[in-house]
Each structure stands twice: as C-alpha cells, then as structure tokens.
$ cat model20.cif   # mmCIF, C-alpha atoms
data_my_file
#
loop_
_atom_site.group_PDB
_atom_site.id
_atom_site.type_symbol
_atom_site.label_atom_id
_atom_site.label_comp_id
_atom_site.auth_asym_id
_atom_site.auth_seq_id
_atom_site.Cartn_x
_atom_site.Cartn_y
_atom_site.Cartn_z
ATOM 1 C CA MET C 937 136.936 113.350 100.076
ATOM 2 C CA SER C 938 138.326 114.491 103.385
ATOM 3 C CA ARG C 939 140.735 112.346 105.334
ATOM 4 C CA LYS C 940 137.987 111.758 107.901
ATOM 5 C CA GLU C 941 135.546 110.509 105.271
ATOM 6 C CA ILE C 942 138.123 108.161 103.789
ATOM 7 C CA LEU C 943 138.818 106.788 107.263
ATOM 8 C CA ILE C 944 135.095 106.278 107.962
ATOM 9 C CA GLY C 945 134.682 104.380 104.685
ATOM 10 C CA LEU C 946 137.656 102.165 105.444
ATOM 11 C CA ILE C 947 136.502 101.537 109.020
ATOM 12 C CA ILE C 948 133.048 100.422 107.806
ATOM 13 C CA ALA C 949 134.757 97.878 105.521
ATOM 14 C CA LEU C 950 137.068 96.746 108.332
ATOM 15 C CA ILE C 951 134.140 96.281 110.732
ATOM 16 C CA VAL C 952 132.311 94.150 108.157
ATOM 17 C CA ALA C 953 135.458 92.095 107.522
ATOM 18 C CA PHE C 954 136.436 91.576 111.144
ATOM 19 C CA PHE C 955 133.136 91.241 112.998
ATOM 20 C CA LEU C 956 130.833 89.757 110.355
ATOM 21 C CA SER C 957 133.158 87.344 108.547
ATOM 22 C CA PRO C 958 133.230 84.842 111.454
ATOM 23 C CA LEU C 959 129.402 84.788 111.253
ATOM 24 C CA SER C 960 129.422 83.964 107.530
ATOM 25 C CA SER C 961 127.234 81.020 106.530
ATOM 26 C CA SER C 962 129.255 77.860 105.903
ATOM 27 C CA TRP C 963 126.617 76.494 103.553
ATOM 28 C CA PRO C 964 127.815 76.002 99.953
ATOM 29 C CA ASP C 965 127.271 78.972 97.631
ATOM 30 C CA GLY C 966 125.031 78.932 94.558
ATOM 31 C CA LEU C 967 127.630 77.474 92.196
ATOM 32 C CA GLU C 968 128.798 74.845 94.721
ATOM 33 C CA ARG C 969 125.183 73.850 95.325
ATOM 34 C CA VAL C 970 124.487 73.425 91.603
ATOM 35 C CA ALA C 971 127.794 71.559 91.095
ATOM 36 C CA HIS C 972 126.924 69.257 93.967
ATOM 37 C CA ASP C 973 123.335 68.620 92.854
ATOM 38 C CA HIS C 974 124.382 67.909 89.279
ATOM 39 C CA GLY C 975 127.329 65.706 90.079
ATOM 40 C CA PHE C 976 130.348 67.684 88.945
ATOM 41 C CA ILE C 977 131.571 69.137 92.259
ATOM 42 C CA ALA C 978 134.454 66.622 92.441
ATOM 43 C CA LYS C 979 136.018 68.128 89.311
ATOM 44 C CA GLY C 980 136.661 71.328 91.197
ATOM 45 C CA GLU C 981 138.236 69.607 94.172
ATOM 46 C CA GLN C 982 141.258 68.171 92.415
ATOM 47 C CA GLY C 983 143.546 70.678 94.076
ATOM 48 C CA SER C 984 144.718 73.988 92.740
ATOM 49 C CA VAL C 985 147.579 74.522 90.322
ATOM 50 C CA PHE C 986 149.307 76.639 92.974
ATOM 51 C CA LYS C 987 149.373 77.128 96.721
ATOM 52 C CA SER C 988 148.171 80.484 97.990
ATOM 53 C CA LEU C 989 149.235 82.233 101.199
ATOM 54 C CA ILE C 990 145.946 82.051 103.089
ATOM 55 C CA PRO C 991 143.723 79.335 101.589
ATOM 56 C CA ASP C 992 140.009 79.701 102.373
ATOM 57 C CA TYR C 993 140.518 82.916 104.371
ATOM 58 C CA ILE C 994 141.919 81.004 107.355
ATOM 59 C CA PHE C 995 144.999 82.799 108.626
ATOM 60 C CA PRO C 996 147.670 80.174 109.300
ATOM 61 C CA GLY C 997 149.002 79.502 112.791
ATOM 62 C CA LEU C 998 145.858 80.437 114.711
ATOM 63 C CA LYS C 999 144.015 77.766 116.676
ATOM 64 C CA ASN C 1000 140.664 79.519 116.722
ATOM 65 C CA GLU C 1001 139.239 79.235 113.203
ATOM 66 C CA LYS C 1002 136.780 82.106 113.637
ATOM 67 C CA MET C 1003 139.591 84.386 114.800
ATOM 68 C CA ALA C 1004 141.732 83.183 111.875
ATOM 69 C CA THR C 1005 138.916 84.201 109.493
ATOM 70 C CA ALA C 1006 138.461 87.579 111.177
ATOM 71 C CA ILE C 1007 142.209 88.329 110.998
ATOM 72 C CA SER C 1008 142.291 87.333 107.295
ATOM 73 C CA GLY C 1009 139.340 89.636 106.686
ATOM 74 C CA LEU C 1010 140.963 92.537 108.502
ATOM 75 C CA LEU C 1011 144.367 92.213 106.824
ATOM 76 C CA GLY C 1012 142.862 91.454 103.408
ATOM 77 C CA THR C 1013 140.621 94.523 103.593
ATOM 78 C CA LEU C 1014 143.558 96.784 104.506
ATOM 79 C CA VAL C 1015 145.722 95.405 101.695
ATOM 80 C CA ILE C 1016 143.012 95.585 99.000
ATOM 81 C CA PHE C 1017 142.238 99.158 100.124
ATOM 82 C CA GLY C 1018 145.903 99.967 99.449
ATOM 83 C CA ILE C 1019 145.809 98.196 96.092
ATOM 84 C CA GLY C 1020 142.628 99.978 94.956
ATOM 85 C CA TYR C 1021 143.847 103.363 96.183
ATOM 86 C CA GLY C 1022 147.328 102.830 94.742
ATOM 87 C CA LEU C 1023 146.087 101.698 91.332
ATOM 88 C CA ALA C 1024 143.688 104.644 91.157
ATOM 89 C CA SER C 1025 146.560 107.031 92.022
ATOM 90 C CA LEU C 1026 148.661 105.508 89.242
ATOM 91 C CA LEU C 1027 145.832 105.830 86.706
ATOM 92 C CA LYS C 1028 145.313 109.418 87.799
ATOM 93 C CA LYS C 1029 149.015 110.205 87.396
ATOM 94 C CA ASP C 1030 148.989 108.737 83.901
ATOM 95 C CA LYS C 1031 146.367 111.251 82.912
ATOM 96 C CA ASP C 1032 148.261 114.197 84.394
ATOM 97 C CA CYS C 1033 151.317 113.334 82.304
ATOM 98 C CA LYS C 1034 149.427 113.479 79.029
ATOM 99 C CA MET M 857 130.077 82.053 91.973
ATOM 100 C CA HIS M 858 133.867 81.960 91.911
ATOM 101 C CA ILE M 859 134.625 79.112 89.489
ATOM 102 C CA PRO M 860 137.364 76.781 90.776
ATOM 103 C CA ASP M 861 139.995 75.182 88.559
ATOM 104 C CA GLY M 862 138.918 71.861 87.079
ATOM 105 C CA PHE M 863 135.440 72.880 85.923
ATOM 106 C CA LEU M 864 136.003 74.603 82.607
ATOM 107 C CA ALA M 865 137.392 73.231 79.353
ATOM 108 C CA THR M 866 140.633 74.651 77.978
ATOM 109 C CA ASN M 867 139.003 76.430 75.033
ATOM 110 C CA ILE M 868 136.586 78.209 77.380
ATOM 111 C CA LEU M 869 139.384 79.170 79.770
ATOM 112 C CA ALA M 870 141.498 80.559 76.941
ATOM 113 C CA SER M 871 138.647 82.499 75.287
ATOM 114 C CA ALA M 872 137.590 83.943 78.649
ATOM 115 C CA TRP M 873 141.151 85.113 79.357
ATOM 116 C CA ALA M 874 141.397 86.733 75.932
ATOM 117 C CA ILE M 875 138.086 88.610 76.257
ATOM 118 C CA SER M 876 138.851 89.623 79.857
ATOM 119 C CA ILE M 877 142.333 90.962 79.129
ATOM 120 C CA GLY M 878 141.050 92.945 76.164
ATOM 121 C CA SER M 879 138.107 94.364 78.118
ATOM 122 C CA ILE M 880 140.177 95.258 81.175
ATOM 123 C CA GLY M 881 142.734 96.996 78.955
ATOM 124 C CA PHE M 882 139.898 99.045 77.495
ATOM 125 C CA CYS M 883 138.504 99.819 80.977
ATOM 126 C CA LEU M 884 141.941 100.945 82.213
ATOM 127 C CA LYS M 885 142.267 103.269 79.251
ATOM 128 C CA LYS M 886 138.774 104.708 79.765
ATOM 129 C CA THR M 887 139.377 105.085 83.499
ATOM 130 C CA THR M 888 142.517 107.176 82.981
ATOM 131 C CA GLN M 889 140.445 109.476 80.761
ATOM 132 C CA ILE M 890 137.608 110.075 83.217
ATOM 133 C CA LEU M 891 139.180 109.552 86.644
ATOM 134 C CA LYS M 892 138.632 112.524 88.908
ATOM 135 C CA ASP M 893 140.604 113.310 92.090
ATOM 136 C CA LYS M 894 137.673 112.527 94.358
ATOM 137 C CA MET M 895 137.360 109.051 92.838
ATOM 138 C CA VAL M 896 140.883 107.969 93.815
ATOM 139 C CA PRO M 897 140.250 107.255 97.539
ATOM 140 C CA LEU M 898 136.770 106.016 96.659
ATOM 141 C CA MET M 899 138.297 103.265 94.494
ATOM 142 C CA GLY M 900 140.302 102.160 97.554
ATOM 143 C CA ILE M 901 137.251 102.203 99.814
ATOM 144 C CA MET M 902 135.100 100.389 97.250
ATOM 145 C CA SER M 903 137.743 97.661 96.789
ATOM 146 C CA ALA M 904 137.939 97.249 100.567
ATOM 147 C CA PHE M 905 134.173 97.177 101.047
ATOM 148 C CA ILE M 906 133.472 94.708 98.234
ATOM 149 C CA PHE M 907 136.269 92.413 99.419
ATOM 150 C CA ALA M 908 134.948 92.541 103.006
ATOM 151 C CA ALA M 909 131.314 92.077 101.984
ATOM 152 C CA GLN M 910 132.176 89.123 99.720
ATOM 153 C CA MET M 911 133.443 87.293 102.800
ATOM 154 C CA ILE M 912 129.965 87.358 104.334
ATOM 155 C CA ASN M 913 127.806 84.527 103.030
ATOM 156 C CA PHE M 914 124.136 84.872 103.902
ATOM 157 C CA PRO M 915 121.825 81.840 103.831
ATOM 158 C CA VAL M 916 119.245 81.896 101.020
ATOM 159 C CA VAL M 917 117.423 78.578 101.022
ATOM 160 C CA GLY M 918 118.040 75.399 102.961
ATOM 161 C CA GLY M 919 121.679 74.461 102.567
ATOM 162 C CA THR M 920 122.690 77.215 100.150
ATOM 163 C CA SER M 921 124.280 80.592 100.767
ATOM 164 C CA GLY M 922 125.358 83.582 98.719
ATOM 165 C CA HIS M 923 127.282 86.794 99.163
ATOM 166 C CA LEU M 924 127.350 90.278 97.706
ATOM 167 C CA PHE M 925 128.979 90.542 94.309
ATOM 168 C CA GLY M 926 129.028 94.335 94.191
ATOM 169 C CA GLY M 927 129.348 94.955 90.456
ATOM 170 C CA VAL M 928 126.435 97.370 90.118
ATOM 171 C CA LEU M 929 127.293 99.037 93.433
ATOM 172 C CA ALA M 930 130.828 99.781 92.197
ATOM 173 C CA ALA M 931 129.657 100.796 88.710
ATOM 174 C CA VAL M 932 126.983 103.221 89.910
ATOM 175 C CA LEU M 933 129.388 104.771 92.408
ATOM 176 C CA LEU M 934 132.552 104.913 90.294
ATOM 177 C CA GLY M 935 131.293 104.560 86.743
ATOM 178 C CA PRO M 936 131.304 101.300 84.787
ATOM 179 C CA TYR M 937 134.997 101.301 83.821
ATOM 180 C CA ALA M 938 136.494 102.078 87.236
ATOM 181 C CA GLY M 939 133.875 99.738 88.726
ATOM 182 C CA ALA M 940 135.060 96.873 86.510
ATOM 183 C CA ILE M 941 138.668 97.640 87.513
ATOM 184 C CA VAL M 942 137.754 97.460 91.209
ATOM 185 C CA LEU M 943 135.980 94.118 90.743
ATOM 186 C CA THR M 944 138.953 92.769 88.786
ATOM 187 C CA CYS M 945 141.374 93.797 91.553
ATOM 188 C CA VAL M 946 139.227 92.078 94.164
ATOM 189 C CA LEU M 947 138.953 88.882 92.069
ATOM 190 C CA ILE M 948 142.718 88.718 91.417
ATOM 191 C CA PHE M 949 143.454 89.338 95.103
ATOM 192 C CA GLN M 950 140.957 86.672 96.257
ATOM 193 C CA CYS M 951 142.374 84.154 93.805
ATOM 194 C CA LEU M 952 146.077 84.710 94.490
ATOM 195 C CA ILE M 953 146.030 85.146 98.266
ATOM 196 C CA PHE M 954 142.959 83.234 99.438
ATOM 197 C CA GLN M 955 142.534 80.610 96.710
ATOM 198 C CA ASP M 956 138.963 81.790 96.180
ATOM 199 C CA GLY M 957 138.310 80.957 92.520
ATOM 200 C CA GLY M 958 140.789 79.055 90.376
ATOM 201 C CA LEU M 959 143.884 80.594 88.828
ATOM 202 C CA LEU M 960 143.192 79.147 85.367
ATOM 203 C CA ALA M 961 139.525 80.087 85.816
ATOM 204 C CA LEU M 962 140.382 83.655 86.855
ATOM 205 C CA GLY M 963 139.825 84.890 83.297
ATOM 206 C CA ALA M 964 136.323 83.395 83.323
ATOM 207 C CA ASN M 965 135.555 84.811 86.769
ATOM 208 C CA ILE M 966 136.682 88.267 85.632
ATOM 209 C CA LEU M 967 134.580 87.884 82.471
ATOM 210 C CA ASN M 968 131.408 86.829 84.331
ATOM 211 C CA MET M 969 131.580 89.247 87.241
ATOM 212 C CA ALA M 970 133.815 92.217 86.402
ATOM 213 C CA ILE M 971 132.886 92.488 82.721
ATOM 214 C CA ILE M 972 129.426 91.027 82.096
ATOM 215 C CA GLY M 973 128.035 91.565 85.610
ATOM 216 C CA THR M 974 129.499 95.016 86.192
ATOM 217 C CA LEU M 975 129.420 96.644 82.742
ATOM 218 C CA GLY M 976 126.200 94.858 81.761
ATOM 219 C CA GLY M 977 124.621 95.703 85.114
ATOM 220 C CA TYR M 978 125.490 99.342 84.615
ATOM 221 C CA VAL M 979 123.824 99.450 81.198
ATOM 222 C CA ILE M 980 120.627 98.073 82.766
ATOM 223 C CA PHE M 981 120.888 100.702 85.517
ATOM 224 C CA VAL M 982 121.224 103.536 82.978
ATOM 225 C CA VAL M 983 118.263 102.299 80.921
ATOM 226 C CA LEU M 984 116.021 102.047 83.992
ATOM 227 C CA GLN M 985 117.142 105.430 85.275
ATOM 228 C CA LYS M 986 116.151 106.932 81.925
ATOM 229 C CA ILE M 987 112.726 105.255 82.039
ATOM 230 C CA PHE M 988 111.883 106.171 85.645
ATOM 231 C CA GLY M 989 113.587 109.550 85.910
ATOM 232 C CA SER M 990 116.772 110.342 87.739
ATOM 233 C CA LYS M 991 115.500 110.247 91.326
ATOM 234 C CA LYS M 992 113.077 107.325 91.403
ATOM 235 C CA GLY M 993 115.065 105.626 88.664
ATOM 236 C CA PHE M 994 118.203 105.742 90.771
ATOM 237 C CA ILE M 995 116.770 103.398 93.389
ATOM 238 C CA ILE M 996 114.665 101.263 91.009
ATOM 239 C CA GLY M 997 117.596 101.075 88.598
ATOM 240 C CA ALA M 998 120.063 100.085 91.304
ATOM 241 C CA ALA M 999 117.720 97.441 92.739
ATOM 242 C CA VAL M 1000 116.738 95.805 89.442
ATOM 243 C CA ALA M 1001 120.166 96.103 87.825
ATOM 244 C CA SER M 1002 121.992 94.620 90.828
ATOM 245 C CA TRP M 1003 119.510 91.721 91.000
ATOM 246 C CA LEU M 1004 119.720 91.115 87.264
ATOM 247 C CA SER M 1005 123.528 91.415 87.221
ATOM 248 C CA VAL M 1006 123.780 88.415 89.543
ATOM 249 C CA VAL M 1007 121.331 86.349 87.466
ATOM 250 C CA VAL M 1008 123.034 87.252 84.175
ATOM 251 C CA ALA M 1009 126.557 86.565 85.516
ATOM 252 C CA ALA M 1010 125.328 83.208 86.852
ATOM 253 C CA SER M 1011 123.745 82.420 83.468
ATOM 254 C CA PHE M 1012 127.029 83.067 81.668
ATOM 255 C CA CYS M 1013 128.731 80.874 84.243
ATOM 256 C CA ALA M 1014 126.157 78.158 83.453
ATOM 257 C CA LEU M 1015 126.788 78.572 79.730
ATOM 258 C CA GLU M 1016 130.534 78.067 80.266
ATOM 259 C CA LEU M 1017 129.887 75.000 82.429
ATOM 260 C CA ALA M 1018 127.585 73.557 79.773
ATOM 261 C CA ILE M 1019 130.023 74.157 76.890
ATOM 262 C CA SER M 1020 132.704 72.517 79.040
ATOM 263 C CA GLY M 1021 130.496 69.423 79.073
ATOM 264 C CA LEU M 1022 129.791 69.304 82.812
ATOM 265 C CA SER M 1023 126.019 69.367 82.552
ATOM 266 C CA PRO M 1024 123.529 70.009 79.735
ATOM 267 C CA LEU M 1025 122.517 73.658 79.340
ATOM 268 C CA HIS M 1026 118.797 72.972 79.831
ATOM 269 C CA ILE M 1027 119.621 71.660 83.299
ATOM 270 C CA VAL M 1028 122.481 73.820 84.526
ATOM 271 C CA LEU M 1029 121.121 77.146 83.218
ATOM 272 C CA PRO M 1030 117.806 77.112 85.125
ATOM 273 C CA ALA M 1031 119.601 75.725 88.179
ATOM 274 C CA MET M 1032 122.208 78.511 88.224
ATOM 275 C CA ALA M 1033 119.788 81.285 87.265
ATOM 276 C CA GLY M 1034 117.191 80.037 89.769
ATOM 277 C CA ILE M 1035 119.428 79.925 92.830
ATOM 278 C CA HIS M 1036 121.066 83.234 91.896
ATOM 279 C CA ALA M 1037 117.658 84.858 91.493
ATOM 280 C CA LEU M 1038 117.367 84.305 95.248
ATOM 281 C CA ILE M 1039 120.934 85.396 96.038
ATOM 282 C CA GLY M 1040 120.270 88.475 93.875
ATOM 283 C CA ILE M 1041 117.598 89.654 96.323
ATOM 284 C CA GLY M 1042 120.338 90.012 98.953
ATOM 285 C CA GLU M 1043 122.465 91.768 96.350
ATOM 286 C CA ALA M 1044 119.690 94.281 95.622
ATOM 287 C CA ILE M 1045 119.049 94.980 99.321
ATOM 288 C CA ILE M 1046 122.740 95.631 100.110
ATOM 289 C CA THR M 1047 123.291 97.658 96.918
ATOM 290 C CA VAL M 1048 120.272 99.904 97.513
ATOM 291 C CA ALA M 1049 121.132 100.326 101.222
ATOM 292 C CA ALA M 1050 124.737 101.295 100.481
ATOM 293 C CA LEU M 1051 123.832 103.665 97.629
ATOM 294 C CA SER M 1052 121.010 105.306 99.636
ATOM 295 C CA PHE M 1053 123.456 105.913 102.482
ATOM 296 C CA ILE M 1054 126.030 107.530 100.182
ATOM 297 C CA GLN M 1055 123.281 109.477 98.430
ATOM 298 C CA LYS M 1056 122.333 110.958 101.792
ATOM 299 C CA VAL M 1057 125.826 111.921 102.961
ATOM 300 C CA ARG M 1058 127.800 112.623 99.753
ATOM 301 C CA PRO M 1059 125.553 112.525 96.650
ATOM 302 C CA ASP M 1060 128.256 114.386 94.703
ATOM 303 C CA LEU M 1061 130.479 111.290 94.904
ATOM 304 C CA ILE M 1062 128.031 109.130 92.942
ATOM 305 C CA TYR M 1063 128.965 108.793 89.275
ATOM 306 C CA GLY M 1064 125.503 107.482 88.386
ATOM 307 C CA LEU M 1065 123.937 110.752 89.566
ATOM 308 C CA SER M 1066 126.347 113.106 87.818
ATOM 309 C CA ARG M 1067 126.418 111.332 84.507
ATOM 310 C CA LYS M 1068 124.544 113.871 82.355
ATOM 311 C CA THR M 1069 127.585 115.440 80.703
ATOM 312 C CA ASP M 1070 129.634 112.281 80.481
ATOM 313 C CA GLY M 1071 127.279 110.156 78.382
ATOM 314 C CA ILE M 1072 127.021 106.517 79.449
#
$ encode --input "model20.cif" --output "structure tokens"
Amino acid sequence: MSRKEILIGLIIALIVAFFLSPLSSSWPDGLERVAHDHGFIAKGEQGSVFKSLIPDYIFPGLKNEKMATAISGLLGTLVIFGIGYGLASLLKKDKDCK
Amino acid sequence: MHIPDGFLATNILASAWAISIGSIGFCLKKTTQILKDKMVPLMGIMSAFIFAAQMINFPVVGGTSGHLFGGVLAAVLLGPYAGAIVLTCVLIFQCLIFQDGGLLALGANILNMAIIGTLGGYVIFVVLQKIFGSKKGFIIGAAVASWLSVVVAASFCALELAISGLSPLHIVLPAMAGIHALIGIGEAIITVAALSFIQKVRPDLIYGLSRKTDGI
C-alpha cells in the first residue's frame, strides 16, 4: 500500500470517529435491552473493578459532551491505528528473523 | 454486545479467558506465518476503522440500537487469524481506556466476538463462497456470514448469561438472537459496502479473494 492509500484509509476512519460518533444513538444496545427486559441489568451496573482513563468515550474536562465524544473518537482511532500497525510490524519482524 | 463486569459467573469468566488466551496465541502464531508486507498497514487501518465504526450506534427497533462488530469484515480482508487479532486489539483497547465491556468479562468478549464471531464467521464466508462461486459468492458470503456472525456471537453470549444463572436459556437465547438478527442487517450492509469499495479500488488487498493457494 502506498503512503497515500494508507492515509486515505486512516482519514476515512477518523472522519467516521469524529463526525459520526456524536450522532450515535443513545438507545441501549441489544445486550443492554435484553438485560433490561429480563431484569438483570442492575448486576452490570455495580461499578467496574478498575477506573479507566476515558469512561464511556467522554473525554474528561470538556463541557460539550458531543465534542468530548468526538475528541475521544479521534484520539482513540489514531492510537488504535498505531497499535494495529505496530503489532503487525512486530509480527512481521518475527517472521523475518526465523 | 460488550458484556460488563457483574453479569457472568466466575467459572464462565475463567473458562472464557482460558479458551481466548489459547486461541489468540494460536492466531498470533498463524499470523506470523502468513503475514505479508501489504497487510501490515492494513491491520492498522482495519483496527482504526472497526474502533471508529463501533462508536456509531444505529437505531434498530424502538428503544434499541446496535453497532458494527466487524469480525467478518476484518477476516475477509486480512484472513481469519489476523482478523481475530485486530478484533482482540480493539476489544482490549475499548475495555482498558473507555470502560466499554468489563475487565473480568474481557475474556468472554474476546471469545464471543474475536474468536467465535470472527473465525466462525470466516468459515461461513468460505463455505458460501465455494457454493456460489468466487465472484457472486464473495458478496453473498460476506453478507450472510456477517449477519450470521452477529447472531451466533449473541447466541454464545446468551448461553454464557444463562449458565451464569441470570435468565433461563429458553428466554434469553431467543431474545438475544432475535434482537441481533436485526442488528446483523446493519452489519451485513456495512460489511458488503466496505468490501465492495475495497474490491473496486484494491482487490489485490483482499485475503478472501486471493485465498486459493493458502487453503482456508
């Protein structure tokens, strides 16, 4: 893949993350719906065993919640791109050594 | 269908972790054997796209939404093993940074989506592609396999919920499979759209089209 193609792929993902994530439906997802309808949703709301950096994709310190979601989407997409690319490079290197 | 902590019983959590770790180890090993240069940036792009797309919940029926899961999309594009690795990376990242899916339940989420949904979905894709021929079968296979991958992953999720004693299987299984049969329609539309686009611009990048010499 050329550098240009890689950039286009990444930009498509970034556009989805930044511009569409604030439009995401706030309705419960399939599992939450089933858990709610069948009376066990409370079991999943007892709090997590740890505290993550950006709970619920809302970037801390921003007043506008939609902007906070968009920023989380943008940063998250960039970081996971790096993770995926980096891991693949490592796996590739492994093979070259053998 | 990211399972939060608190839902699953300890024996289910532990078994799911064990199966997931074993399967991911196997997928990593297989990926190092078949990874080609052109797939390296594609694994980055696919991770980014699936993460981004999973943030977008679309409404399905009154009061319920769903989002892309991306298992079959990743598997057809990158092959089943690298596809499962990408899904696993996304799930770990979502759990640790965004608290999307529980930490104890991460093993179960990896099992349902990255292993059963992605690897299982890919097997369905390959079977359908063989039945319908490589060209027509590519689209039919991608559509049906992506739809089914969501329903099957949701059914395994239901099975784990039932064994954990949250709700009897005869109630929670049809409920989970039913709602995800609707969410799966969105999955199939996005998967087919994305794969058709890539097929048009860079068909050589698609693992599922160049499989002949590699076996499954």
$ residues_around --input "model20.cif" --residues "Pro915 (chain M)" --least-positions-apart "3" --cutoff "12 Å" --atoms "only C-alpha atoms" --output "tab-separated table (two decimals) with C-alpha atoms, in the frame of the given file"
chain	number	residue	atom	x	y	z
C	959	LEU	CA	129.40	84.79	111.25
C	960	SER	CA	129.42	83.96	107.53
C	961	SER	CA	127.23	81.02	106.53
C	962	SER	CA	129.26	77.86	105.90
C	963	TRP	CA	126.62	76.49	103.55
C	964	PRO	CA	127.82	76.00	99.95
C	965	ASP	CA	127.27	78.97	97.63
C	966	GLY	CA	125.03	78.93	94.56
M	912	ILE	CA	129.96	87.36	104.33
M	918	GLY	CA	118.04	75.40	102.96
M	919	GLY	CA	121.68	74.46	102.57
M	920	THR	CA	122.69	77.22	100.15
M	921	SER	CA	124.28	80.59	100.77
M	922	GLY	CA	125.36	83.58	98.72
M	923	HIS	CA	127.28	86.79	99.16
M	924	LEU	CA	127.35	90.28	97.71
M	1035	ILE	CA	119.43	79.92	92.83
M	1038	LEU	CA	117.37	84.30	95.25
M	1039	ILE	CA	120.93	85.40	96.04
M	1041	ILE	CA	117.60	89.65	96.32
M	1042	GLY	CA	120.34	90.01	98.95
$ closest_residue --input "model20.cif" --among "M:Ala1044, M:Ile859, M:Ile877, M:Val1008" --to "chain C" --atoms "only C-alpha atoms"
M:Ile859
$ closest_residue --input "model20.cif" --among "M:Ile1019, M:Ala1014, M:Met911, M:Val917" --to "chain C" --atoms "all atoms listed in the file"
M:Met911
$ resolve_selection --input "model20.cif" --expression "the PyMOL selection byres ((chain C) within 8 of (chain M))" --output "ChimeraX atom specification"
/C:937,942,945-946,948-950,952-953,956-957,959-970,974,976,979-993,1009,1012-1014,1016-1022,1024-1025,1027-1028,1030-1031
$ write_last_selection --input "model20.cif" --atoms "C-alpha atoms" --output "PDB file, in the coordinates of the input"
ATOM      1  CA  MET C 937     136.936 113.350 100.076  1.00  0.00           C
ATOM      2  CA  ILE C 942     138.123 108.161 103.789  1.00  0.00           C
ATOM      3  CA  GLY C 945     134.682 104.380 104.685  1.00  0.00           C
ATOM      4  CA  LEU C 946     137.656 102.165 105.444  1.00  0.00           C
ATOM      5  CA  ILE C 948     133.048 100.422 107.806  1.00  0.00           C
ATOM      6  CA  ALA C 949     134.757  97.878 105.521  1.00  0.00           C
ATOM      7  CA  LEU C 950     137.068  96.746 108.332  1.00  0.00           C
ATOM      8  CA  VAL C 952     132.311  94.150 108.157  1.00  0.00           C
ATOM      9  CA  ALA C 953     135.458  92.095 107.522  1.00  0.00           C
ATOM     10  CA  LEU C 956     130.833  89.757 110.355  1.00  0.00           C
ATOM     11  CA  SER C 957     133.158  87.344 108.547  1.00  0.00           C
ATOM     12  CA  LEU C 959     129.402  84.788 111.253  1.00  0.00           C
ATOM     13  CA  SER C 960     129.422  83.964 107.530  1.00  0.00           C
ATOM     14  CA  SER C 961     127.234  81.020 106.530  1.00  0.00           C
ATOM     15  CA  SER C 962     129.255  77.860 105.903  1.00  0.00           C
ATOM     16  CA  TRP C 963     126.617  76.494 103.553  1.00  0.00           C
ATOM     17  CA  PRO C 964     127.815  76.002  99.953  1.00  0.00           C
ATOM     18  CA  ASP C 965     127.271  78.972  97.631  1.00  0.00           C
ATOM     19  CA  GLY C 966     125.031  78.932  94.558  1.00  0.00           C
ATOM     20  CA  LEU C 967     127.630  77.474  92.196  1.00  0.00           C
ATOM     21  CA  GLU C 968     128.798  74.845  94.721  1.00  0.00           C
ATOM     22  CA  ARG C 969     125.183  73.850  95.325  1.00  0.00           C
ATOM     23  CA  VAL C 970     124.487  73.425  91.603  1.00  0.00           C
ATOM     24  CA  HIS C 974     124.382  67.909  89.279  1.00  0.00           C
ATOM     25  CA  PHE C 976     130.348  67.684  88.945  1.00  0.00           C
ATOM     26  CA  LYS C 979     136.018  68.128  89.311  1.00  0.00           C
ATOM     27  CA  GLY C 980     136.661  71.328  91.197  1.00  0.00           C
ATOM     28  CA  GLU C 981     138.236  69.607  94.172  1.00  0.00           C
ATOM     29  CA  GLN C 982     141.258  68.171  92.415  1.00  0.00           C
ATOM     30  CA  GLY C 983     143.546  70.678  94.076  1.00  0.00           C
ATOM     31  CA  SER C 984     144.718  73.988  92.740  1.00  0.00           C
ATOM     32  CA  VAL C 985     147.579  74.522  90.322  1.00  0.00           C
ATOM     33  CA  PHE C 986     149.307  76.639  92.974  1.00  0.00           C
ATOM     34  CA  LYS C 987     149.373  77.128  96.721  1.00  0.00           C
ATOM     35  CA  SER C 988     148.171  80.484  97.990  1.00  0.00           C
ATOM     36  CA  LEU C 989     149.235  82.233 101.199  1.00  0.00           C
ATOM     37  CA  ILE C 990     145.946  82.051 103.089  1.00  0.00           C
ATOM     38  CA  PRO C 991     143.723  79.335 101.589  1.00  0.00           C
ATOM     39  CA  ASP C 992     140.009  79.701 102.373  1.00  0.00           C
ATOM     40  CA  TYR C 993     140.518  82.916 104.371  1.00  0.00           C
ATOM     41  CA  GLY C1009     139.340  89.636 106.686  1.00  0.00           C
ATOM     42  CA  GLY C1012     142.862  91.454 103.408  1.00  0.00           C
ATOM     43  CA  THR C1013     140.621  94.523 103.593  1.00  0.00           C
ATOM     44  CA  LEU C1014     143.558  96.784 104.506  1.00  0.00           C
ATOM     45  CA  ILE C1016     143.012  95.585  99.000  1.00  0.00           C
ATOM     46  CA  PHE C1017     142.238  99.158 100.124  1.00  0.00           C
ATOM     47  CA  GLY C1018     145.903  99.967  99.449  1.00  0.00           C
ATOM     48  CA  ILE C1019     145.809  98.196  96.092  1.00  0.00           C
ATOM     49  CA  GLY C1020     142.628  99.978  94.956  1.00  0.00           C
ATOM     50  CA  TYR C1021     143.847 103.363  96.183  1.00  0.00           C
ATOM     51  CA  GLY C1022     147.328 102.830  94.742  1.00  0.00           C
ATOM     52  CA  ALA C1024     143.688 104.644  91.157  1.00  0.00           C
ATOM     53  CA  SER C1025     146.560 107.031  92.022  1.00  0.00           C
ATOM     54  CA  LEU C1027     145.832 105.830  86.706  1.00  0.00           C
ATOM     55  CA  LYS C1028     145.313 109.418  87.799  1.00  0.00           C
ATOM     56  CA  ASP C1030     148.989 108.737  83.901  1.00  0.00           C
ATOM     57  CA  LYS C1031     146.367 111.251  82.912  1.00  0.00           C
TER      58      LYS C1031
END
$ atom_distance --input "model20.cif" --atom1 "CA of Val1007 (chain M)" --atom2 "CA of Gly1040 (chain M)"
6.8 Å
$ decode --input "model20.cif" --residues "region 1004-1020 of chain C" --atoms "C-alpha atoms" --output "PDB file, in the first residue's frame"
ATOM      1  CA  ALA C1004     -15.965  15.208  24.209  1.00  0.00           C
ATOM      2  CA  THR C1005     -17.214  12.110  22.343  1.00  0.00           C
ATOM      3  CA  ALA C1006     -15.826  13.324  19.019  1.00  0.00           C
ATOM      4  CA  ILE C1007     -12.395  14.036  20.554  1.00  0.00           C
ATOM      5  CA  SER C1008     -12.350  10.577  22.210  1.00  0.00           C
ATOM      6  CA  GLY C1009     -13.217   9.041  18.852  1.00  0.00           C
ATOM      7  CA  LEU C1010     -10.491  10.950  17.041  1.00  0.00           C
ATOM      8  CA  LEU C1011      -7.739  10.226  19.572  1.00  0.00           C
ATOM      9  CA  GLY C1012      -8.850   6.619  20.087  1.00  0.00           C
ATOM     10  CA  THR C1013      -8.823   5.962  16.340  1.00  0.00           C
ATOM     11  CA  LEU C1014      -5.303   7.389  15.975  1.00  0.00           C
ATOM     12  CA  VAL C1015      -3.981   5.351  18.904  1.00  0.00           C
ATOM     13  CA  ILE C1016      -5.597   2.052  17.836  1.00  0.00           C
ATOM     14  CA  PHE C1017      -4.257   2.627  14.300  1.00  0.00           C
ATOM     15  CA  GLY C1018      -0.780   2.837  15.851  1.00  0.00           C
ATOM     16  CA  ILE C1019      -1.389  -0.267  17.951  1.00  0.00           C
ATOM     17  CA  GLY C1020      -2.665  -2.324  14.997  1.00  0.00           C
TER      18      GLY C1020
END
